Amino acid sequence: MDSESEGKKDRLSRRAAFQIAATGLIATIPIANALAKTTNHGSANNEHPAHPAAGPKKNHYVFLQAHESTFLEAAVARLIPADEKWGGALEAGVVNYIDLQLQGSWGAGERLYRSGPWIAGEKTQGYQLPYTPSELFRTALRALDKDLKAKKLSFEKMTPVEQDQFLKKLETSDQDLDGVPAKTFFAQMYQMTIEGFFADPSYGGNKNMVSWRMIGFPGAFASYYDLVDKHGIKITRAPMSLAQDSGGHMHMQPNRTSSAGQAPKEGT
(Lines give C-alpha, C1' and ligand atoms only; values in the text may rest on other atoms or scores of the structure.)
Protein backbone atom coordinates (compact mmCIF):
# COMPACT_ATOMS: atom_id res chain seq x y z
CA MET A 1 0.00 0.00 0.00
CA ASP A 2 1.46 3.40 -0.99
CA SER A 3 1.83 6.33 1.41
CA GLU A 4 -1.14 8.17 -0.08
CA SER A 5 -3.42 5.19 0.53
CA GLU A 6 -2.10 4.86 4.07
CA GLY A 7 -2.82 8.51 4.66
CA LYS A 8 -6.41 8.15 3.46
CA LYS A 9 -6.90 5.11 5.66
CA ASP A 10 -5.69 6.93 8.78
CA ARG A 11 -7.52 10.20 8.18
CA LEU A 12 -10.56 9.59 10.38
CA SER A 13 -11.86 13.09 10.92
CA ARG A 14 -12.59 14.25 14.43
CA ARG A 15 -16.11 15.27 13.44
CA ALA A 16 -16.84 11.90 11.79
CA ALA A 17 -15.45 9.95 14.74
CA PHE A 18 -17.63 11.79 17.22
CA GLN A 19 -20.71 11.50 15.03
CA ILE A 20 -20.27 7.73 15.20
CA ALA A 21 -19.49 7.81 18.93
CA ALA A 22 -22.59 9.87 19.64
CA THR A 23 -24.77 7.14 18.15
CA GLY A 24 -23.15 4.56 20.42
CA LEU A 25 -21.47 2.58 17.64
CA ILE A 26 -17.97 2.98 19.04
CA ALA A 27 -18.85 3.76 22.64
CA THR A 28 -16.57 1.01 23.94
CA ILE A 29 -13.54 2.15 21.96
CA PRO A 30 -11.37 4.83 23.65
CA ILE A 31 -11.95 8.02 21.69
CA ALA A 32 -8.37 9.13 22.22
CA ASN A 33 -7.15 6.06 20.32
CA ALA A 34 -9.52 6.63 17.40
CA LEU A 35 -8.39 10.23 17.08
CA ALA A 36 -4.70 9.85 17.91
CA LYS A 37 -3.60 10.62 14.35
CA THR A 38 -5.98 13.52 13.83
CA THR A 39 -5.18 15.68 16.87
CA ASN A 40 -2.02 17.56 17.80
CA HIS A 41 -2.12 16.07 21.28
CA GLY A 42 -1.92 12.57 19.83
CA SER A 43 0.92 13.30 17.42
CA ALA A 44 4.06 11.24 17.55
CA ASN A 45 6.38 14.24 17.74
CA ASN A 46 4.78 15.23 21.07
CA GLU A 47 5.39 18.94 20.42
CA HIS A 48 2.23 20.15 22.12
CA PRO A 49 1.51 20.17 25.87
CA ALA A 50 -1.19 18.01 27.40
CA HIS A 51 -3.31 21.13 28.01
CA PRO A 52 -4.06 23.82 25.41
CA ALA A 53 -2.12 27.03 26.04
CA ALA A 54 -5.30 29.04 26.60
CA GLY A 55 -7.17 26.85 29.06
CA PRO A 56 -10.64 27.44 30.46
CA LYS A 57 -11.41 29.65 33.45
CA LYS A 58 -10.61 27.94 36.75
CA ASN A 59 -13.62 26.06 38.09
CA HIS A 60 -14.79 25.98 41.67
CA TYR A 61 -16.00 22.49 42.45
CA VAL A 62 -18.58 21.47 45.04
CA PHE A 63 -17.47 17.87 45.59
CA LEU A 64 -14.00 17.33 44.16
CA GLN A 65 -10.95 18.09 46.27
CA ALA A 66 -7.98 19.90 44.74
CA HIS A 67 -5.90 16.80 43.94
CA GLU A 68 -8.98 15.04 42.52
CA SER A 69 -9.96 17.84 40.15
CA THR A 70 -6.34 18.34 39.06
CA PHE A 71 -6.04 14.67 38.07
CA LEU A 72 -9.44 14.55 36.35
CA GLU A 73 -8.84 17.75 34.38
CA ALA A 74 -5.61 16.29 32.98
CA ALA A 75 -7.19 12.87 32.37
CA VAL A 76 -10.27 14.05 30.46
CA ALA A 77 -8.03 16.31 28.37
CA ARG A 78 -6.35 13.13 27.11
CA LEU A 79 -9.52 11.06 26.72
CA ILE A 80 -11.11 13.70 24.47
CA PRO A 81 -8.34 16.11 23.46
CA ALA A 82 -8.82 19.49 21.84
CA ASP A 83 -7.63 20.19 18.31
CA GLU A 84 -7.10 23.30 16.19
CA LYS A 85 -10.84 23.79 15.59
CA TRP A 86 -12.77 22.26 18.47
CA GLY A 87 -12.38 22.19 22.23
CA GLY A 88 -12.05 18.86 24.01
CA ALA A 89 -13.44 17.50 27.27
CA LEU A 90 -11.51 19.98 29.40
CA GLU A 91 -12.76 23.00 27.49
CA ALA A 92 -16.31 21.59 27.49
CA GLY A 93 -16.38 21.55 31.30
CA VAL A 94 -16.59 17.76 31.61
CA VAL A 95 -15.01 17.81 35.09
CA ASN A 96 -17.74 20.23 36.19
CA TYR A 97 -20.29 17.67 34.97
CA ILE A 98 -18.55 14.89 36.90
CA ASP A 99 -18.37 17.08 40.00
CA LEU A 100 -22.09 17.86 39.95
CA GLN A 101 -23.05 14.21 39.40
CA LEU A 102 -20.87 13.02 42.28
CA GLN A 103 -22.33 15.72 44.56
CA GLY A 104 -25.91 14.82 43.69
CA SER A 105 -28.26 11.89 44.27
CA TRP A 106 -26.57 9.72 41.65
CA GLY A 107 -23.23 10.14 43.40
CA ALA A 108 -24.87 9.22 46.71
CA GLY A 109 -26.09 5.94 45.18
CA GLU A 110 -29.77 6.61 45.82
CA ARG A 111 -30.81 3.87 43.41
CA LEU A 112 -28.09 1.37 44.26
CA TYR A 113 -28.68 -1.80 46.23
CA ARG A 114 -26.51 -1.38 49.33
CA SER A 115 -27.20 -4.41 51.52
CA GLY A 116 -24.60 -6.89 50.23
CA PRO A 117 -23.22 -9.49 50.30
CA TRP A 118 -20.19 -7.98 48.55
CA ILE A 119 -18.47 -10.73 46.59
CA ALA A 120 -16.72 -10.74 43.24
CA GLY A 121 -19.27 -11.10 40.47
CA GLU A 122 -19.16 -12.32 36.90
CA LYS A 123 -18.71 -9.93 33.99
CA THR A 124 -22.36 -10.43 33.06
CA GLN A 125 -23.52 -9.25 36.48
CA GLY A 126 -22.42 -5.64 36.17
CA TYR A 127 -21.29 -3.45 39.04
CA GLN A 128 -20.77 -5.45 42.24
CA LEU A 129 -18.78 -3.14 44.53
CA PRO A 130 -20.12 -1.70 47.83
CA TYR A 131 -19.16 1.87 46.93
CA THR A 132 -21.50 4.61 45.82
CA PRO A 133 -20.21 6.49 42.74
CA SER A 134 -18.88 9.32 44.92
CA GLU A 135 -17.18 6.83 47.25
CA LEU A 136 -15.67 5.00 44.29
CA PHE A 137 -14.14 8.18 42.85
CA ARG A 138 -12.93 9.44 46.23
CA THR A 139 -11.34 6.11 47.13
CA ALA A 140 -9.67 5.52 43.76
CA LEU A 141 -8.42 9.09 43.35
CA ARG A 142 -7.01 9.10 46.88
CA ALA A 143 -5.13 5.87 46.16
CA LEU A 144 -3.79 7.20 42.86
CA ASP A 145 -2.65 10.43 44.49
CA LYS A 146 -0.85 8.49 47.24
CA ASP A 147 0.85 6.20 44.72
CA LEU A 148 1.97 9.06 42.48
CA LYS A 149 3.37 11.03 45.41
CA ALA A 150 5.29 7.98 46.64
CA LYS A 151 6.92 7.77 43.20
CA LYS A 152 7.47 11.55 43.13
CA LEU A 153 5.30 11.79 40.02
CA SER A 154 2.56 14.18 38.98
CA PHE A 155 0.07 13.04 36.34
CA GLU A 156 -0.69 16.56 35.10
CA LYS A 157 3.03 17.22 34.54
CA MET A 158 3.63 14.08 32.47
CA THR A 159 4.02 14.34 28.71
CA PRO A 160 0.95 13.42 26.65
CA VAL A 161 2.52 10.09 25.71
CA GLU A 162 3.25 9.28 29.36
CA GLN A 163 -0.28 10.25 30.32
CA ASP A 164 -1.72 7.97 27.64
CA GLN A 165 0.41 5.10 28.90
CA PHE A 166 -0.72 5.74 32.47
CA LEU A 167 -4.40 5.79 31.45
CA LYS A 168 -3.99 2.67 29.34
CA LYS A 169 -2.58 0.87 32.37
CA LEU A 170 -5.60 1.95 34.42
CA GLU A 171 -7.93 0.74 31.69
CA THR A 172 -6.45 -2.74 31.43
CA SER A 173 -5.05 -3.64 34.87
CA ASP A 174 -6.46 -5.11 38.06
CA GLN A 175 -4.37 -2.76 40.19
CA ASP A 176 -6.02 -2.37 43.58
CA LEU A 177 -6.88 1.24 44.41
CA ASP A 178 -7.75 0.70 48.07
CA GLY A 179 -10.53 -1.72 47.15
CA VAL A 180 -11.44 -0.31 43.74
CA PRO A 181 -10.05 -2.20 40.71
CA ALA A 182 -8.22 0.27 38.46
CA LYS A 183 -10.12 -0.77 35.34
CA THR A 184 -13.47 -0.30 37.14
CA PHE A 185 -12.50 3.25 38.04
CA PHE A 186 -11.25 3.94 34.51
CA ALA A 187 -14.46 2.60 32.95
CA GLN A 188 -16.56 4.89 35.15
CA MET A 189 -14.35 7.92 34.49
CA TYR A 190 -14.37 7.24 30.75
CA GLN A 191 -18.16 6.79 30.64
CA MET A 192 -18.71 10.05 32.52
CA THR A 193 -16.28 11.86 30.23
CA ILE A 194 -18.39 10.86 27.23
CA GLU A 195 -21.60 11.79 29.04
CA GLY A 196 -20.29 15.19 30.10
CA PHE A 197 -19.07 15.96 26.60
CA PHE A 198 -22.30 15.04 24.78
CA ALA A 199 -25.04 15.66 27.39
CA ASP A 200 -27.25 18.72 27.46
CA PRO A 201 -25.35 21.74 28.89
CA SER A 202 -27.95 22.02 31.68
CA TYR A 203 -26.15 19.11 33.37
CA GLY A 204 -22.91 21.06 33.70
CA GLY A 205 -20.83 19.91 30.73
CA ASN A 206 -20.85 20.43 26.96
CA LYS A 207 -20.02 24.09 27.52
CA ASN A 208 -21.23 26.33 24.67
CA MET A 209 -22.64 23.12 23.18
CA VAL A 210 -19.23 22.45 21.62
CA SER A 211 -19.84 18.76 20.89
CA TRP A 212 -23.26 19.42 19.38
CA ARG A 213 -21.83 22.09 17.11
CA MET A 214 -19.03 19.77 16.10
CA ILE A 215 -21.30 16.89 15.04
CA GLY A 216 -24.14 19.07 13.75
CA PHE A 217 -26.71 18.02 16.38
CA PRO A 218 -29.52 20.61 16.68
CA GLY A 219 -30.28 19.88 20.31
CA ALA A 220 -33.62 20.08 22.12
CA PHE A 221 -35.58 22.19 19.67
CA ALA A 222 -39.25 22.48 20.69
CA SER A 223 -40.86 22.09 17.26
CA TYR A 224 -39.85 20.44 14.01
CA TYR A 225 -43.27 21.02 12.43
CA ASP A 226 -41.81 22.52 9.26
CA LEU A 227 -39.26 19.71 8.92
CA VAL A 228 -41.16 16.47 9.65
CA ASP A 229 -41.78 15.71 5.97
CA LYS A 230 -38.24 16.52 4.85
CA HIS A 231 -35.64 13.77 4.77
CA GLY A 232 -31.90 13.71 4.20
CA ILE A 233 -31.47 17.42 4.82
CA LYS A 234 -28.80 19.06 6.96
CA ILE A 235 -30.03 21.20 9.84
CA THR A 236 -27.64 24.12 10.06
CA ARG A 237 -29.18 26.26 12.79
CA ALA A 238 -27.39 26.66 16.13
CA PRO A 239 -28.12 23.89 18.68
CA MET A 240 -30.50 24.51 21.55
CA SER A 241 -30.37 23.29 25.17
CA LEU A 242 -33.21 21.82 27.23
CA ALA A 243 -32.82 24.80 29.57
CA GLN A 244 -32.83 27.42 26.80
CA ASP A 245 -35.83 29.50 25.80
CA SER A 246 -36.68 30.79 22.34
CA GLY A 247 -34.68 33.93 23.07
CA GLY A 248 -31.52 31.93 23.71
CA HIS A 249 -31.51 32.43 27.50
CA MET A 250 -30.52 29.54 29.78
CA HIS A 251 -32.87 28.80 32.70
CA MET A 252 -31.18 26.37 35.06
CA GLN A 253 -33.36 24.28 37.36
CA PRO A 254 -33.35 25.85 40.85
CA ASN A 255 -32.89 22.45 42.53
CA ARG A 256 -29.87 21.51 40.43
CA THR A 257 -26.49 22.01 42.07
CA SER A 258 -24.39 24.61 40.29
CA SER A 259 -20.68 25.21 40.72
CA ALA A 260 -20.98 28.89 39.86
CA GLY A 261 -19.76 31.05 42.70
CA GLN A 262 -19.14 28.12 45.04
CA ALA A 263 -15.95 27.87 47.04
CA PRO A 264 -13.85 24.70 46.56
CA LYS A 265 -14.93 21.94 48.89
CA GLU A 266 -12.15 20.02 50.58
CA GLY A 267 -13.98 16.85 51.52
CA THR A 268 -17.16 15.23 52.76
# chains A, B, ... in the order shown; residues from 1 in each chain; ligands from 1
>>> residues_around(residues="Met189 of chain A", least_positions_apart="2", cutoff="10 Å", atoms="only C-alpha atoms", output="PyMOL selection string")
chain A and resi 72+75-76+79+95+98+137+183-187+191-195
>>> residues_around(residues="segment 138-154 of chain A", least_positions_apart="4", cutoff="9 Å", atoms="only C-alpha atoms", output="PyMOL selection string")
chain A and resi 64-65+67-68+71-72+131+133-134+158+176-182+185
>>> write_last_selection(atoms="N, CA and C atoms", output="PDB file, in the first residue's frame")
ATOM      1  N   LEU A  64     -15.380  17.747  44.389  1.00  0.00           N
ATOM      2  CA  LEU A  64     -13.998  17.331  44.161  1.00  0.00           C
ATOM      3  C   LEU A  64     -13.008  18.142  44.984  1.00  0.00           C
ATOM      4  N   GLN A  65     -12.061  17.454  45.578  1.00  0.00           N
ATOM      5  CA  GLN A  65     -10.954  18.091  46.267  1.00  0.00           C
ATOM      6  C   GLN A  65      -9.906  18.518  45.234  1.00  0.00           C
ATOM      7  N   HIS A  67      -6.686  17.815  44.642  1.00  0.00           N
ATOM      8  CA  HIS A  67      -5.898  16.796  43.938  1.00  0.00           C
ATOM      9  C   HIS A  67      -6.768  15.962  43.011  1.00  0.00           C
ATOM     10  N   GLU A  68      -8.060  15.810  43.358  1.00  0.00           N
ATOM     11  CA  GLU A  68      -8.975  15.039  42.517  1.00  0.00           C
ATOM     12  C   GLU A  68      -9.293  15.786  41.228  1.00  0.00           C
ATOM     13  N   PHE A  71      -6.229  15.914  38.812  1.00  0.00           N
ATOM     14  CA  PHE A  71      -6.038  14.672  38.065  1.00  0.00           C
ATOM     15  C   PHE A  71      -7.100  14.528  36.977  1.00  0.00           C
ATOM     16  N   LEU A  72      -8.360  14.750  37.319  1.00  0.00           N
ATOM     17  CA  LEU A  72      -9.437  14.553  36.349  1.00  0.00           C
ATOM     18  C   LEU A  72      -9.352  15.536  35.189  1.00  0.00           C
ATOM     19  N   TYR A 131     -19.305   0.422  46.939  1.00  0.00           N
ATOM     20  CA  TYR A 131     -19.159   1.874  46.929  1.00  0.00           C
ATOM     21  C   TYR A 131     -20.259   2.574  46.139  1.00  0.00           C
ATOM     22  N   PRO A 133     -21.098   5.847  43.712  1.00  0.00           N
ATOM     23  CA  PRO A 133     -20.208   6.486  42.737  1.00  0.00           C
ATOM     24  C   PRO A 133     -19.259   7.505  43.372  1.00  0.00           C
ATOM     25  N   SER A 134     -19.756   8.322  44.295  1.00  0.00           N
ATOM     26  CA  SER A 134     -18.883   9.321  44.917  1.00  0.00           C
ATOM     27  C   SER A 134     -17.815   8.643  45.769  1.00  0.00           C
ATOM     28  N   MET A 158       3.095  15.056  33.410  1.00  0.00           N
ATOM     29  CA  MET A 158       3.631  14.078  32.472  1.00  0.00           C
ATOM     30  C   MET A 158       3.445  14.568  31.042  1.00  0.00           C
ATOM     31  N   ASP A 176      -5.101  -2.657  42.489  1.00  0.00           N
ATOM     32  CA  ASP A 176      -6.024  -2.366  43.578  1.00  0.00           C
ATOM     33  C   ASP A 176      -5.850  -0.926  44.052  1.00  0.00           C
ATOM     34  N   LEU A 177      -6.897  -0.143  43.939  1.00  0.00           N
ATOM     35  CA  LEU A 177      -6.879   1.242  44.408  1.00  0.00           C
ATOM     36  C   LEU A 177      -7.682   1.310  45.706  1.00  0.00           C
ATOM     37  N   ASP A 178      -7.108   0.754  46.745  1.00  0.00           N
ATOM     38  CA  ASP A 178      -7.750   0.703  48.065  1.00  0.00           C
ATOM     39  C   ASP A 178      -9.136   0.072  48.007  1.00  0.00           C
ATOM     40  N   GLY A 179      -9.264  -1.006  47.239  1.00  0.00           N
ATOM     41  CA  GLY A 179     -10.527  -1.721  47.147  1.00  0.00           C
ATOM     42  C   GLY A 179     -11.258  -1.528  45.837  1.00  0.00           C
ATOM     43  N   VAL A 180     -10.835  -0.572  45.043  1.00  0.00           N
ATOM     44  CA  VAL A 180     -11.444  -0.315  43.735  1.00  0.00           C
ATOM     45  C   VAL A 180     -10.493  -0.807  42.640  1.00  0.00           C
ATOM     46  N   PRO A 181     -10.900  -1.775  41.820  1.00  0.00           N
ATOM     47  CA  PRO A 181     -10.050  -2.200  40.708  1.00  0.00           C
ATOM     48  C   PRO A 181      -9.808  -1.031  39.753  1.00  0.00           C
ATOM     49  N   ALA A 182      -8.574  -0.870  39.308  1.00  0.00           N
ATOM     50  CA  ALA A 182      -8.223   0.266  38.459  1.00  0.00           C
ATOM     51  C   ALA A 182      -9.098   0.341  37.217  1.00  0.00           C
ATOM     52  N   PHE A 185     -12.546   1.787  37.920  1.00  0.00           N
ATOM     53  CA  PHE A 185     -12.503   3.248  38.041  1.00  0.00           C
ATOM     54  C   PHE A 185     -12.361   3.894  36.670  1.00  0.00           C
TER      55      PHE A 185
END
>>> closest_residue(among="A:Thr236, A:Thr132, A:Gln125, A:Gln188", to="Trp106 of chain A", atoms="only C-alpha atoms")
A:Thr132
>>> select_by_dssp(residues="segment 39-225 of chain A", states="strand (DSSP E)", output="number ranges by chain")
A: 176-177, 180-181
